[in-house]
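This is run.txt. It holds compact mmCIF, C-alpha atoms and all ligand atoms.
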# COMPACT_ATOMS: atom_id res chain seq x y z
CA MET A 40 2.07 12.83 5.69
CA LEU A 41 2.75 9.58 3.95
CA TRP A 42 3.62 10.82 0.45
CA GLU A 43 5.90 13.51 1.74
CA GLY A 44 7.44 10.98 4.07
CA LEU A 45 8.08 8.71 1.13
CA LEU A 46 9.76 11.45 -0.83
CA ASN A 47 11.83 12.55 2.12
CA LEU A 48 13.14 9.16 3.11
CA PHE A 49 16.76 9.19 4.07
CA TYR A 50 18.79 7.21 1.58
CA PRO A 51 22.10 5.84 2.89
CA GLU A 52 24.31 4.06 0.32
CA GLY A 53 24.28 0.35 -0.42
CA VAL A 54 21.09 -1.01 -1.99
CA SER A 55 19.92 -0.18 -5.48
CA CYS A 56 16.57 0.98 -6.80
CA SER A 57 14.48 -1.90 -8.17
CA ILE A 58 13.53 0.18 -11.20
CA CYS A 59 16.51 2.24 -12.33
CA GLY A 60 19.34 0.60 -10.41
CA ASP A 61 20.57 3.78 -8.71
CA GLU A 62 22.07 3.25 -5.30
CA ILE A 63 19.62 4.02 -2.55
CA GLY A 64 20.84 2.29 0.58
CA ASP A 65 18.93 0.42 3.19
CA VAL A 66 15.48 1.99 3.03
CA GLU A 67 12.00 0.77 3.73
CA ILE A 68 11.16 0.61 0.04
CA ASP A 69 13.61 -0.40 -2.67
CA LEU A 70 12.84 2.52 -4.95
CA CYS A 71 14.81 5.74 -5.40
CA LYS A 72 13.31 9.19 -4.92
CA ASN A 73 13.01 9.76 -8.65
CA CYS A 74 11.18 6.51 -9.31
CA ILE A 75 8.85 7.09 -6.35
CA GLY A 76 8.29 10.63 -7.63
CA GLU A 77 6.91 9.19 -10.87
CA ILE A 78 4.00 7.65 -8.99
CA GLU A 79 0.84 9.66 -8.52
CA PHE A 80 -0.17 8.54 -5.04
CA ILE A 81 -3.77 8.63 -3.95
CA LYS A 82 -4.04 11.18 -1.19
CA ASP A 83 -7.43 12.81 -1.29
CA SER A 84 -10.65 13.01 -3.28
CA PHE A 85 -11.06 9.30 -3.76
CA CYS A 86 -14.27 7.30 -3.61
CA GLU A 87 -15.09 6.28 -0.03
CA LYS A 88 -16.21 2.88 -1.19
CA CYS A 89 -13.85 1.71 -3.94
CA GLY A 90 -10.93 4.13 -3.70
CA LYS A 91 -11.15 5.37 -7.29
CA ILE A 92 -10.07 8.97 -7.97
CA LEU A 93 -13.15 11.21 -8.04
CA SER A 94 -13.82 13.59 -10.88
CA ASP A 95 -16.02 15.66 -8.59
CA ALA A 96 -14.26 16.24 -5.26
CA ASN A 97 -17.53 17.35 -3.62
CA LYS A 98 -18.96 13.87 -3.90
CA SER A 99 -18.04 11.02 -1.60
CA LEU A 100 -18.74 8.19 -4.03
CA CYS A 101 -17.70 7.65 -7.63
CA SER A 102 -20.38 7.43 -10.31
CA ASP A 103 -20.07 3.65 -10.36
CA CYS A 104 -20.56 3.26 -6.59
CA ARG A 105 -23.48 5.70 -6.62
CA ARG A 106 -25.20 3.46 -9.14
CA LYS A 107 -24.64 0.14 -7.46
CA ASP A 108 -23.30 -1.34 -4.28
CA HIS A 109 -20.37 -3.73 -4.19
CA TYR A 110 -20.02 -6.95 -2.24
CA PHE A 111 -16.77 -5.79 -0.67
CA VAL A 112 -16.92 -3.35 2.23
CA LYS A 113 -14.06 -1.09 1.18
CA GLY A 114 -11.42 -0.87 -1.52
CA ARG A 115 -8.28 1.25 -1.60
CA SER A 116 -5.44 1.70 -4.07
CA VAL A 117 -1.91 3.04 -3.78
CA GLY A 118 -1.82 5.20 -6.90
CA VAL A 119 -3.36 6.18 -10.18
CA TYR A 120 -2.88 3.77 -13.07
CA GLU A 121 -0.91 6.29 -15.10
CA LYS A 122 2.70 7.43 -15.53
CA GLY A 123 5.26 5.69 -13.34
CA LEU A 124 2.95 3.21 -11.67
CA LYS A 125 1.54 2.07 -14.99
CA GLU A 126 5.06 1.57 -16.28
CA TYR A 127 6.19 -0.35 -13.17
CA ILE A 128 3.16 -2.63 -13.31
CA TYR A 129 3.93 -3.29 -16.94
CA LEU A 130 7.53 -4.21 -16.12
CA PHE A 131 6.35 -6.39 -13.27
CA LYS A 132 3.59 -8.19 -15.16
CA TYR A 133 4.88 -8.52 -18.67
CA ASN A 134 8.64 -8.15 -18.45
CA ARG A 135 8.67 -10.38 -15.40
CA TYR A 136 10.59 -8.09 -13.12
CA ARG A 137 9.79 -10.40 -10.26
CA ASN A 138 11.83 -8.35 -7.79
CA LEU A 139 9.31 -5.52 -8.15
CA ALA A 140 6.93 -7.54 -5.98
CA ALA A 141 8.91 -6.31 -2.98
CA PRO A 142 8.72 -2.51 -3.38
CA LEU A 143 5.23 -2.59 -4.90
CA GLY A 144 3.97 -4.90 -2.16
CA ASP A 145 5.60 -2.64 0.43
CA LEU A 146 3.74 0.37 -0.95
CA MET A 147 0.52 -1.60 -0.58
CA GLY A 148 1.51 -2.43 2.99
CA ILE A 149 1.92 1.26 3.81
CA TYR A 150 -1.50 1.99 2.38
CA ILE A 151 -3.06 -0.88 4.30
CA ASP A 152 -1.74 0.59 7.53
CA ARG A 153 -3.16 3.92 6.54
CA PHE A 154 -6.64 2.86 5.47
CA PHE A 155 -7.34 -0.41 7.27
CA SER A 156 -6.74 -2.00 10.61
CA ARG A 157 -4.35 -4.95 10.49
CA ARG A 158 -6.31 -6.69 13.23
CA ASP A 159 -9.29 -6.63 10.96
CA PHE A 160 -8.01 -9.43 8.71
CA ASP A 161 -8.19 -13.17 9.29
CA LEU A 162 -7.06 -14.13 5.80
CA ILE A 163 -5.13 -12.59 2.92
CA THR A 164 -5.74 -13.81 -0.58
CA TYR A 165 -5.49 -12.74 -4.22
CA ILE A 166 -7.23 -12.99 -7.57
CA PRO A 167 -6.07 -16.13 -9.37
CA SER A 168 -4.67 -15.76 -12.89
CA HIS A 169 -5.74 -17.77 -15.83
CA GLN A 170 -3.66 -20.96 -15.83
CA GLU A 171 -2.65 -20.22 -19.36
CA ARG A 172 -1.38 -16.79 -18.49
CA ILE A 173 0.56 -18.15 -15.54
CA ARG A 174 2.24 -20.60 -17.89
CA GLU A 175 3.21 -17.79 -20.25
CA ARG A 176 4.44 -15.42 -17.60
CA GLY A 177 5.65 -17.93 -15.07
CA PHE A 178 3.89 -16.26 -12.19
CA ASN A 179 0.75 -14.63 -10.90
CA GLN A 180 1.58 -11.03 -10.07
CA ALA A 181 -1.32 -10.69 -7.62
CA ARG A 182 -0.07 -13.71 -5.68
CA LEU A 183 3.44 -12.25 -5.41
CA LEU A 184 2.02 -8.94 -4.17
CA ALA A 185 -0.22 -10.73 -1.66
CA ASN A 186 2.74 -12.75 -0.37
CA ARG A 187 4.70 -9.58 0.26
CA VAL A 188 1.74 -7.92 1.94
CA GLY A 189 1.31 -11.03 4.08
CA GLU A 190 4.96 -10.90 5.18
CA ARG A 191 4.51 -7.32 6.30
CA LEU A 192 1.28 -8.06 8.12
CA ASN A 193 2.56 -11.28 9.63
CA LEU A 194 -0.31 -13.16 8.13
CA GLU A 195 -0.03 -15.95 5.62
CA SER A 196 -1.34 -15.21 2.16
CA LYS A 197 -3.25 -18.16 0.74
CA GLY A 198 -4.84 -18.99 -2.59
CA LEU A 199 -8.50 -19.43 -1.69
CA LEU A 200 -10.05 -19.15 -5.13
CA LYS A 201 -9.65 -20.89 -8.41
CA ARG A 202 -10.92 -19.94 -11.79
CA ARG A 203 -13.63 -22.11 -13.11
CA SER A 204 -12.16 -24.14 -15.88
CA GLU A 205 -13.21 -22.54 -19.10
CA THR A 206 -12.42 -25.66 -21.03
CA ILE A 207 -14.91 -27.97 -19.33
CA LYS A 208 -17.76 -28.57 -21.67
CA GLN A 209 -21.12 -27.78 -20.15
CA SER A 210 -22.50 -31.08 -21.44
CA LYS A 211 -19.97 -33.05 -19.42
CA LEU A 212 -21.11 -31.54 -16.15
CA ALA A 213 -23.88 -32.71 -13.88
CA ARG A 214 -26.86 -30.41 -13.68
CA ALA A 215 -25.86 -28.82 -10.37
CA GLU A 216 -22.37 -28.21 -11.70
CA ARG A 217 -23.77 -26.72 -14.87
CA ILE A 218 -25.72 -24.22 -12.87
CA GLU A 219 -22.62 -23.42 -10.81
CA ASN A 220 -20.57 -23.14 -13.96
CA ILE A 221 -22.56 -20.33 -15.45
CA LYS A 222 -22.78 -18.41 -12.21
CA GLY A 223 -19.37 -16.84 -12.19
CA LYS A 224 -15.72 -17.20 -12.96
CA PHE A 225 -14.42 -18.03 -9.48
CA ILE A 226 -15.06 -20.81 -7.02
CA LEU A 227 -13.50 -21.64 -3.67
CA LYS A 228 -10.71 -24.18 -3.77
CA ASP A 229 -11.55 -27.57 -2.29
CA GLY A 230 -11.45 -27.72 1.47
CA ILE A 231 -11.29 -23.95 1.99
CA LEU A 232 -13.54 -22.60 4.73
CA VAL A 233 -14.22 -18.88 4.95
CA LYS A 234 -17.20 -18.83 7.29
CA ASP A 235 -17.13 -15.78 9.58
CA LYS A 236 -13.73 -14.73 8.20
CA SER A 237 -12.68 -11.21 7.41
CA ILE A 238 -10.72 -11.33 4.16
CA LEU A 239 -8.23 -8.95 2.56
CA LEU A 240 -8.31 -9.42 -1.19
CA VAL A 241 -5.23 -8.32 -3.18
CA ASP A 242 -5.09 -7.49 -6.87
CA ASP A 243 -2.90 -5.35 -9.10
CA ILE A 244 -5.33 -3.03 -10.89
CA TYR A 245 -8.84 -1.85 -10.06
CA THR A 246 -10.79 -0.84 -13.14
CA THR A 247 -14.52 -1.51 -13.05
CA GLY A 248 -14.21 -3.54 -9.87
CA ALA A 249 -16.09 -6.40 -11.53
CA THR A 250 -13.38 -8.95 -10.80
CA VAL A 251 -12.88 -8.23 -7.11
CA ASN A 252 -16.63 -7.85 -6.74
CA GLU A 253 -17.26 -11.26 -8.17
CA ALA A 254 -14.60 -12.80 -5.95
CA SER A 255 -16.09 -11.03 -2.92
CA LYS A 256 -19.49 -12.50 -3.68
CA VAL A 257 -18.05 -16.02 -3.73
CA PHE A 258 -16.71 -15.50 -0.21
CA LEU A 259 -19.90 -13.95 1.10
CA ASP A 260 -21.97 -16.77 -0.37
CA LYS A 261 -19.82 -19.16 1.64
CA GLY A 262 -20.46 -17.27 4.86
CA ALA A 263 -17.48 -14.89 5.04
CA ASP A 264 -17.99 -11.96 7.38
CA LYS A 265 -16.55 -9.19 5.20
CA ILE A 266 -14.20 -8.55 2.30
CA GLN A 267 -11.85 -5.60 1.90
CA VAL A 268 -9.79 -4.92 -1.17
CA ILE A 269 -6.34 -3.46 -1.75
CA THR A 270 -4.98 -2.86 -5.25
CA LEU A 271 -1.83 -1.19 -6.50
CA ALA A 272 -3.43 1.06 -9.04
CA THR A 273 -6.85 2.43 -9.84
CA GLY A 274 -8.45 4.55 -12.53
CA ARG A 275 -10.22 7.88 -12.45
CA ASP A 276 -13.94 8.16 -12.15
CA VAL A 277 -15.65 9.06 -15.40
CA GLU A 278 -19.00 10.76 -14.89
ZN ZN B 301 15.02 4.56 -9.35
ZN ZN B 302 -16.31 3.99 -6.12
Encoded form using structure tokens:
Amino acid sequence: MLWEGLLNLFYPEGVSCSICGDEIGDVEIDLCKNCIGEIEFIKDSFCEKCGKILSDANKSLCSDCRRKDHYFVKGRSVGVYEKGLKEYIYLFKYNRYRNLAAPLGDLMGIYIDRFFSRRDFDLITYIPSHQERIRERGFNQARLLANRVGERLNLESKGLLKRRSETIKQSKLARAERIENIKGKFILKDGILVKDKSILLVDDIYTTGATVNEASKVFLDKGADKIQVITLATGRDVE
């Protein structure tokens, strides 16, 4: 079993844990047993569709997915957005612990192998950050995670989407653009073709799913075959 396997990894000396700095040796994931133990991994009773932890284990879908369908085919997450994982994502995103992209991306890679078929993906991409936030933080955490996932899967991760500029005044746009502009927050980058492609979409946290859903719709509207989603952390279903 994956989570037991993770906890029972053999740790020879040499390399240090990306979180606490303890020596761990040359292991598949640069995290020590203690720091891995702080993560609540998703093992069972998760929503079949979006991967969120279910409050009622007898159901197969979360309350959100029972109410409405999503544009993506399937979403999965590594762990619950609580305790250790919440802390690590905070360090990664806001304290700019860039080196956490490696172990966190590796955890996503393990979950991808568990829940998806690698051969199923033509393209790997990520949710773009707000330009402003990238400037503040210096990086887009979802892009770094997607790059690491791509390395593991031997598939290049590419930025396919851009955020619609929020600063463009509606009045300055042509009519067609105005209509486009109110439709959603993402558009395909120039020259990107996704027709008939199967896309793996990477993001850090799944909450309502609105963001990845909106991105998925952009791809489907442009003829993509299907979209699947992997995130690091997800919430619990609230009935
Ligand atoms: Zn550690
Ligand atoms: Zn769901």
Task: Best match for closeness to A:Cys71 among A:Pro167, A:Gly118, A:Pro142, A:Cys89, counting only C-alpha atoms - done: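 Answer, going by the shortest atom-to-atom distance: A:Pro142.
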For the interface of chain A with ligand ZN 301 (chain B) (cut-off 6 Å, counting all atoms listed in the file), please tabulate each contacting residue of chain A alongside its nearest pair of atoms and their separation in Å to one decimal, rows sorted by chain and increasing number, as JSON lines.
{"residue": "A:Cys56", "atom": "CA", "partner": "B:ZN301", "partner_atom": "ZN", "distance": 4.7}
{"residue": "A:Ile58", "atom": "CA", "partner": "B:ZN301", "partner_atom": "ZN", "distance": 5.0}
{"residue": "A:Cys59", "atom": "CA", "partner": "B:ZN301", "partner_atom": "ZN", "distance": 4.1}
{"residue": "A:Gly60", "atom": "CA", "partner": "B:ZN301", "partner_atom": "ZN", "distance": 6.0}
{"residue": "A:Asp61", "atom": "CA", "partner": "B:ZN301", "partner_atom": "ZN", "distance": 5.6}
{"residue": "A:Leu70", "atom": "CA", "partner": "B:ZN301", "partner_atom": "ZN", "distance": 5.3}
{"residue": "A:Cys71", "atom": "CA", "partner": "B:ZN301", "partner_atom": "ZN", "distance": 4.1}
{"residue": "A:Asn73", "atom": "CA", "partner": "B:ZN301", "partner_atom": "ZN", "distance": 5.6}
{"residue": "A:Cys74", "atom": "CA", "partner": "B:ZN301", "partner_atom": "ZN", "distance": 4.3}
- [ ] In the coordinate frame of the file, compute which residues have an atom within 6 Å of (-12.6, -19.8, -5.0) when using all atoms listed in the file, and state them as a VMD selection string.
- [x] chain A and resid 199 to 201 225 to 228
What does the file look like for those residues with C-alpha atoms, as a compact mmCIF listing (two decimals), keeping the file's coordinate frame?
# COMPACT_ATOMS: atom_id res chain seq x y z
CA LEU A 199 -8.50 -19.43 -1.69
CA LEU A 200 -10.05 -19.15 -5.13
CA LYS A 201 -9.65 -20.89 -8.41
CA PHE A 225 -14.42 -18.03 -9.48
CA ILE A 226 -15.06 -20.81 -7.02
CA LEU A 227 -13.50 -21.64 -3.67
CA LYS A 228 -10.71 -24.18 -3.77
TODO: Can you work out which one of A:Thr247, A:Ser237, A:Gln267, A:Asn138 has the shortest atom-to-atom distance to ligand ZN 302 (chain B), counting all atoms listed in the file?
DONE: A:Thr247
Task: Coordinates-based distance that separates atom CA of A:Phe258 from atom CA of A:Ala141 (Å, one decimal) - done: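 Rounded to one decimal, the two atoms are 27.4 Å apart.
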Task: Spatial neighbours of A:Gly262, 8 Å, only C-alpha atoms, chain gap at least 5 places, as a list in words - done: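 Residues near the query, excluding close chain neighbours: Val233, Lys234, Asp235 and Lys236 of chain A.
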Task: Contacts with ligand ZN 302 (chain B) at most 6 Å, all atoms listed in the file counted, listed as a VMD selection string - done: chain A and resid 86 88 to 91 100 to 101 103 to 104
TODO: Write out as a list in words the residues lying within 7 Å of A:Gly274, counting all atoms listed in the file and excluding same-chain residues fewer than 3 positions away.
DONE: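 What passes the distance filter is Lys91, Ile92, Val119, Tyr120, Tyr245 and Thr246 of chain A.
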